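Chemist: The following file, upload23.cif, comprises mmCIF, C-alpha atoms:
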```cif
data_structure
#
loop_
_atom_site.label_atom_id
_atom_site.label_comp_id
_atom_site.auth_asym_id
_atom_site.auth_seq_id
_atom_site.Cartn_x
_atom_site.Cartn_y
_atom_site.Cartn_z
CA MET H 263 35.53 53.94 -2.94
CA ASP H 264 33.27 56.12 -0.90
CA GLY H 265 33.07 59.89 -1.19
CA ARG H 266 36.13 60.40 1.08
CA GLY H 267 38.50 58.21 -0.90
CA ARG H 268 38.31 55.16 1.32
CA ARG H 269 37.90 51.73 -0.04
CA ILE H 270 34.54 50.06 0.74
CA GLN H 271 34.86 46.46 1.85
CA SER H 272 32.28 44.03 3.15
CA GLY H 273 32.70 42.55 6.60
CA TRP H 274 33.21 38.97 5.56
CA MET H 275 36.34 39.82 3.62
CA ASP H 276 37.96 41.29 6.75
CA THR H 277 37.78 38.09 8.78
CA LYS H 278 40.65 35.70 9.12
CA PRO H 279 40.17 32.01 8.27
CA MET H 280 38.51 29.87 10.94
CA SER H 281 40.63 27.71 13.16
CA GLN H 282 40.17 23.95 13.13
CA SER H 283 38.13 23.97 16.36
CA GLU H 284 35.89 26.81 15.08
CA LEU H 285 35.33 24.95 11.83
CA MET H 286 34.39 21.75 13.70
CA ALA H 287 31.97 23.65 15.96
CA TRP H 288 30.34 25.26 12.92
CA GLU H 289 30.07 21.87 11.20
CA ILE H 290 28.38 20.30 14.25
CA LYS H 291 25.82 23.13 14.38
CA ALA H 292 25.16 22.81 10.65
CA ARG H 293 24.60 19.05 10.98
CA ARG H 294 22.19 19.56 13.86
CA TRP H 295 20.12 22.00 11.79
CA LEU H 296 20.22 19.65 8.81
CA VAL H 297 19.01 16.70 10.89
CA LEU H 298 16.34 18.84 12.56
CA GLY H 299 15.15 20.07 9.16
CA LEU H 300 14.98 16.54 7.73
CA VAL H 301 13.10 15.24 10.79
CA GLY H 302 10.64 18.13 10.42
CA LEU H 303 10.17 17.42 6.72
CA VAL H 304 9.59 13.69 7.23
CA THR H 305 7.20 14.35 10.12
CA GLY H 306 5.26 16.81 7.98
CA VAL H 307 4.97 14.37 5.08
CA PHE H 308 3.75 11.57 7.35
CA GLY H 309 1.39 13.96 9.11
CA VAL H 310 -0.22 15.03 5.84
CA GLY H 311 -0.52 11.37 4.82
CA LEU H 312 -2.14 10.45 8.13
CA ILE H 313 -4.61 13.32 7.89
CA THR H 314 -5.48 12.28 4.34
CA LEU H 315 -6.09 8.69 5.45
CA GLN H 316 -8.25 9.81 8.36
CA MET H 317 -10.36 12.00 6.08
CA SER H 318 -10.88 9.20 3.54
CA TYR H 319 -11.83 6.70 6.29
CA GLU H 320 -14.31 9.14 7.78
CA MET H 321 -15.84 9.80 4.34
CA LEU H 322 -16.32 6.05 3.79
CA LYS H 323 -17.86 5.60 7.25
CA LYS H 324 -20.43 8.34 6.52
CA THR H 325 -21.77 6.72 3.34
CA GLU H 326 -25.34 5.43 3.37
CA VAL H 327 -24.26 1.82 2.81
CA MET H 328 -21.87 1.92 5.80
CA ARG H 329 -24.42 3.58 8.08
CA GLU H 330 -26.99 0.88 7.26
CA ALA H 331 -24.42 -1.89 7.70
CA LYS H 332 -23.37 -0.46 11.06
CA GLU H 333 -27.00 -0.39 12.21
CA ARG H 334 -27.49 -4.02 11.15
CA LEU H 335 -24.34 -5.18 12.91
CA PHE H 336 -24.97 -3.25 16.09
CA ARG H 337 -28.57 -4.55 16.35
CA ASP H 338 -27.78 -8.20 15.61
CA PRO H 339 -28.01 -10.23 18.86
CA ARG H 340 -25.52 -12.83 17.55
CA VAL H 341 -22.85 -10.15 17.08
CA MET H 342 -23.62 -8.64 20.49
CA GLU H 343 -23.37 -12.09 22.09
CA GLU H 344 -19.91 -12.71 20.60
CA LEU H 345 -18.39 -9.24 21.08
CA GLY H 346 -20.40 -7.73 23.92
CA SER H 347 -21.87 -4.26 24.12
CA PRO H 348 -21.22 -1.44 23.30
CA LEU H 349 -19.81 -2.03 19.83
CA ARG H 350 -17.71 0.43 17.86
CA LEU H 351 -16.21 0.56 14.38
CA GLY H 352 -12.47 0.22 13.96
CA TRP H 353 -10.37 3.13 12.72
CA ALA H 354 -9.60 1.91 9.19
CA VAL H 355 -12.01 1.04 6.40
CA ALA H 356 -10.54 -0.59 3.30
CA GLY H 357 -12.50 -0.88 0.10
CA GLU H 358 -14.26 1.02 -2.61
CA ILE H 359 -17.65 2.44 -3.43
CA GLU H 360 -19.41 3.56 -6.58
CA ASP H 361 -22.57 5.41 -5.59
CA LEU H 362 -24.63 6.78 -8.46
CA PRO H 363 -28.30 7.80 -8.25
CA GLU H 364 -29.58 4.78 -10.23
CA ARG H 365 -26.98 2.12 -9.34
CA GLY H 366 -23.93 1.42 -7.26
CA THR H 367 -21.59 -1.12 -5.73
CA ALA H 368 -19.71 -1.20 -2.45
CA ARG H 369 -16.93 -3.47 -1.19
CA PHE H 370 -15.54 -2.80 2.28
CA ASN H 371 -13.44 -4.59 4.88
CA PHE H 372 -13.27 -3.21 8.40
CA TYR H 373 -13.23 -4.20 12.06
CA VAL H 374 -15.85 -4.02 14.79
CA TRP H 375 -14.71 -3.85 18.41
CA GLY H 376 -16.53 -4.85 21.56
CA PRO H 377 -15.59 -5.50 25.18
CA ARG H 378 -14.86 -9.16 24.39
CA GLY H 379 -12.64 -8.55 21.36
CA ARG H 380 -12.75 -7.64 17.71
CA ALA H 381 -14.17 -9.12 14.53
CA ALA H 382 -13.39 -8.64 10.86
CA VAL H 383 -16.33 -7.56 8.70
CA ASN H 384 -16.63 -8.13 4.95
CA LEU H 385 -19.29 -6.12 3.13
CA ARG H 386 -20.45 -6.44 -0.48
CA ALA H 387 -23.53 -4.54 -1.60
CA GLU H 388 -25.30 -3.43 -4.77
CA LYS H 389 -27.62 -0.48 -5.19
CA SER H 390 -30.92 -1.08 -6.98
CA PRO H 391 -32.39 1.35 -9.54
CA MET H 392 -34.79 2.41 -6.76
CA GLY H 393 -31.82 3.60 -4.68
CA LYS H 394 -31.96 0.85 -2.03
CA TRP H 395 -28.79 -1.03 -1.04
CA LYS H 396 -28.94 -4.84 -1.13
CA TYR H 397 -26.34 -6.54 1.04
CA LEU H 398 -24.97 -9.54 -0.85
CA LEU H 399 -22.39 -10.18 1.87
CA LEU H 400 -22.27 -8.73 5.35
CA GLU H 401 -20.21 -11.19 7.30
CA VAL H 402 -18.75 -10.87 10.79
CA LYS H 403 -15.76 -13.12 11.45
CA VAL H 404 -14.92 -13.51 15.13
CA PRO H 405 -11.64 -15.44 15.55
CA GLY H 406 -12.31 -19.02 16.67
CA HIS H 407 -16.05 -18.85 15.94
CA PRO H 408 -18.22 -19.49 12.87
CA ALA H 409 -18.89 -16.47 10.64
CA ILE H 410 -22.10 -14.53 11.32
CA SER H 411 -24.01 -13.41 8.23
CA CYS H 412 -26.14 -10.26 8.41
CA ALA H 413 -26.73 -10.10 4.64
CA ASP H 414 -30.11 -9.77 2.92
CA GLY H 415 -32.01 -13.04 2.64
CA VAL H 416 -30.43 -14.52 5.78
CA LEU H 417 -32.83 -15.28 8.62
CA ARG H 418 -31.79 -13.29 11.65
CA PRO H 419 -33.09 -13.80 15.15
CA GLY H 420 -35.44 -10.99 16.13
CA ALA H 421 -35.82 -9.74 12.55
#
```
Can I see the file as structure tokens?

Modeler:
Amino acid sequence: MDGRGRRIQSGWMDTKPMSQSELMAWEIKARRWLVLGLVGLVTGVFGVGLITLQMSYEMLKKTEVMREAKERLFRDPRVMEELGSPLRLGWAVAGEIEDLPERGTARFNFYVWGPRGRAAVNLRAEKSPMGKWKYLLLEVKVPGHPAISCADGVLRPGA
């Protein structure tokens, strides 16, 4: 009751029940919002996952061992002959790295692209106590052609 003796009642209690058509219209609107919300949630989750992947790939590409491997591959005339020029790294880099001051290991698989196609690259390297990376395996596999090795200890033309 308010100060004048009237009963206080909220607005939702005053309304009559919805008709069948009003109920169906409300249900359709509610479903649309539910679907829109779920699509937004799924898109957000995938977006965060994609950003996380991109950041991890970029971090791997900026490591010392990857920079040196890229330089070796991009300077090798055999790779340039098979793929053409200019060369570029693929988007994804799969693998792992342990990089400590006195030792380390790296294992990566990635793609290199050129005007004539793409090639898979396998990299295996160890870090010496002096801090220098030794490439045990740096192999470029162009489909339909023999593998090209750019690893340490392999004679390379122009080296």

Chemist: Could you tell me, as a ChimeraX atom specification, which residues have any atom at most 12 Å from (-15.7, -2.7, 21.3), counting only C-alpha atoms?

Modeler: /H:336,341-342,344-353,373-381

Chemist: Pick out the closest residue to Arg329 in chain H from this set: H:Ser390, H:Trp395, H:Pro408, H:Leu312. Count all atoms listed in the file.

Modeler: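 Checking each candidate against Arg329 in chain H, we get H:Trp395 as the closest.
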
Chemist: Which residues would end up in the selection if the PyMOL selection byres ((chain H and resi 393) around 8) were applied here, given that I need the answer as a VMD selection string?

Modeler: chain H and resid 363 to 365 389 to 392 394 to 395

Chemist: Export, as a compact mmCIF listing (two decimals), keeping the file's coordinate frame, the selected residues with C-alpha atoms.

Modeler:
```txt
# COMPACT_ATOMS: atom_id res chain seq x y z
CA PRO H 363 -28.30 7.80 -8.25
CA GLU H 364 -29.58 4.78 -10.23
CA ARG H 365 -26.98 2.12 -9.34
CA LYS H 389 -27.62 -0.48 -5.19
CA SER H 390 -30.92 -1.08 -6.98
CA PRO H 391 -32.39 1.35 -9.54
CA MET H 392 -34.79 2.41 -6.76
CA LYS H 394 -31.96 0.85 -2.03
CA TRP H 395 -28.79 -1.03 -1.04
```

Chemist: Find the residues near Ala413 in chain H: any atom within 12 Å, counting all atoms listed in the file, skip ones fewer than 3 places away on the same chain, and give them as a list of chain:residue names.

Modeler: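 Residues meeting the cut-off are H:Glu330, H:Ala331, H:Arg334, H:Leu335, H:Asp338, H:Val383, H:Asn384, H:Leu385, H:Arg386, H:Ala387, H:Glu388, H:Trp395, H:Lys396, H:Tyr397, H:Leu398, H:Leu399, H:Leu400, H:Glu401, H:Val402, H:Ala409, H:Ile410, H:Val416, H:Leu417, H:Arg418.
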
Chemist: For the atom pair CA of Ala356 in chain H and CA of Glu320 in chain H, what is the interatomic distance in Å to one decimal place?

Modeler: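 About the pair CA of Ala356 in chain H and CA of Glu320 in chain H: they are 11.4 Å apart.
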